[in-house]
Amino acid sequence: MKLGDVYKTTHPLPVDADVLFERYRVEPRGNDPHQHLASALRERGLATFGEIHDRPVFAGIARALAALYTHPDSEPDGLTLLHARDGRPGSGQRGFTDSELFPHTERSCLPKPPQLLMLMCLTPANHGGESVLIDGRAIAEELSLTAPETWSALSAPRSAYFGGSSGYVGAVFEPATPERWSIRLRLDELIRFAPRAAHHVEVLREVIDRHTMVLRLGQGQGFILDNTRWLHGRHAFTGPRVMLRALGEPHTHLSLERGFRLP
């Protein structure tokens with residue numbers, strides 16, 4: 001099954017964007033700022049931060065948390081500048097447009113995607129551009145309890161193909177360890193579902209909509225999330241929205257396990 005551009009967020013959770021930011025806020029200050037962030041990530045898989053207006057400072061915090069992942073579009077400091085580029089983007093390059101970015105996990109085409117995504121706002125949009133966040137643990141819990149057939153279909157081995165010609169065959173929900181699960185998803189032209197799983201995609205979309213939260217980032221604000229637990233996306237925007245992104249694998253001494261536990 002090819003989703004193409006059919007996904008639309010229709011039922012965002014009525015949580016004020018500023019309230020959401022404060023709920024997850026951790027200030028990376030002091031002599032050991034990454035430990036406070038790591039603690040929040042261990043507990044909730046998500047941390048927001050503010051008052052970082054300097055690219056080198058953000059890069060330093062990112063490197064303190066993780067060994068940065070080299071992305072095809074990243075620059076020498078390991079960060080990727082996200083903004084609307086001129087011209088028509090290639091497949092999988094929607095992040096470099098001003099269009100809506102569907103909920104997804106980063107680098108889903110890899111056997112082991114980077115665990116951490118770190119995003120900071122350099123210039124907010126004139127209108128729109130809010131970040132969309134969905135806790136994959138909440139999705140998995142609802143499906144496993146209320147739609148067991150959908151949970152079974154979307155966690156079955158080889159039920160989805162992620163990427164282009166050299167992608168990854170797996171599932172939306174996969175075991176991370178014997179006691180933990182991880183989520184892997186994209187909802188664009190670079191995913192194909194096996195016939196049995198394809199019948200359950202609409203249910204998945206409805207559950208995603210129910211757990212969608214919207215976060216508005218101002219200059220110097222951002223978030224760090226566990227890419228094996230949280231989905232992220234954004235609303236369409238107008239104006240010169242510019243973001244800095246880092247991807248990485250957390251340093252082992254921080255003890256950040258991949259994925260999430262289910263009750």
# chains A, B, ... in the order shown; residues from 1 in each chain; ligands from 1
>>> closest_atom_pairs(of="stretch 206-258 of chain A", to="stretch 127-151 of chain A", cutoff="8 Å", atoms="only C-alpha atoms", output="CSV")
residue,atom,partner,partner_atom,distance
A:Val207,CA,A:Ile139,CA,6.2
A:Ile208,CA,A:Ile139,CA,6.5
A:His211,CA,A:Ile134,CA,5.8
A:Thr212,CA,A:Ile134,CA,5.0
A:Met213,CA,A:Leu133,CA,5.2
A:Val214,CA,A:Val132,CA,4.7
A:Leu215,CA,A:Ser131,CA,5.0
A:Arg216,CA,A:Glu130,CA,4.8
A:Leu217,CA,A:Glu130,CA,6.9
A:Arg229,CA,A:Gly136,CA,5.0
A:Trp230,CA,A:Asp135,CA,4.7
A:Leu231,CA,A:Ile134,CA,5.1
A:His232,CA,A:Leu133,CA,4.6
A:Gly233,CA,A:Val132,CA,4.8
A:Arg234,CA,A:Ser131,CA,4.3
A:His235,CA,A:Gly129,CA,4.8
A:Ala236,CA,A:Gly129,CA,5.4
A:Phe237,CA,A:Gly128,CA,4.3
A:Thr238,CA,A:His127,CA,5.3
A:Gly239,CA,A:His127,CA,6.9
A:Arg241,CA,A:Gly129,CA,7.4
>>> select_by_dssp(residues="stretch 53-183 of chain A", states="helix (DSSP H, G or I)", output="count of residues only")
32
>>> closest_atom_pairs(of="stretch 168-223 of chain A", to="stretch 105-108 of chain A", cutoff="8 Å", atoms="only C-alpha atoms", output="tab-separated table")
residue	atom	partner	partner_atom	distance
A:Tyr168	CA	A:Ser108	CA	7.6
A:Ile183	CA	A:Thr105	CA	7.8
A:Arg184	CA	A:Thr105	CA	5.8
A:Leu185	CA	A:Thr105	CA	5.5
A:Arg186	CA	A:Thr105	CA	6.4
>>> residues_around(residues="A:Glu51", least_positions_apart="5", cutoff="12 Å", atoms="only C-alpha atoms", output="number ranges by chain")
A: 25-29, 57-58, 120-122, 217-223
>>> write_last_selection(atoms="C-alpha atoms", output="mmCIF file, in the first residue's frame")
data_model
loop_
_atom_site.group_PDB
_atom_site.id
_atom_site.type_symbol
_atom_site.label_atom_id
_atom_site.label_comp_id
_atom_site.auth_asym_id
_atom_site.auth_seq_id
_atom_site.Cartn_x
_atom_site.Cartn_y
_atom_site.Cartn_z
ATOM 1 C CA ARG A 25 10.804 21.983 29.964
ATOM 2 C CA VAL A 26 14.294 21.272 31.291
ATOM 3 C CA GLU A 27 16.868 24.050 31.392
ATOM 4 C CA PRO A 28 20.290 22.718 30.275
ATOM 5 C CA ARG A 29 22.319 24.902 32.633
ATOM 6 C CA VAL A 57 26.194 26.104 22.414
ATOM 7 C CA PHE A 58 23.463 23.916 20.930
ATOM 8 C CA MET A 120 16.339 24.152 17.970
ATOM 9 C CA CYS A 121 14.579 27.172 16.477
ATOM 10 C CA LEU A 122 16.780 29.879 14.982
ATOM 11 C CA LEU A 217 8.854 27.057 19.341
ATOM 12 C CA GLY A 218 10.212 30.568 19.614
ATOM 13 C CA GLN A 219 13.738 31.719 18.875
ATOM 14 C CA GLY A 220 16.249 29.817 21.004
ATOM 15 C CA GLN A 221 13.731 27.166 22.028
ATOM 16 C CA GLY A 222 13.759 23.508 21.068
ATOM 17 C CA PHE A 223 13.249 19.922 22.104
#
>>> atom_distance(atom1="atom CA of A:Leu41", atom2="atom CA of A:Pro263")
18.5 Å
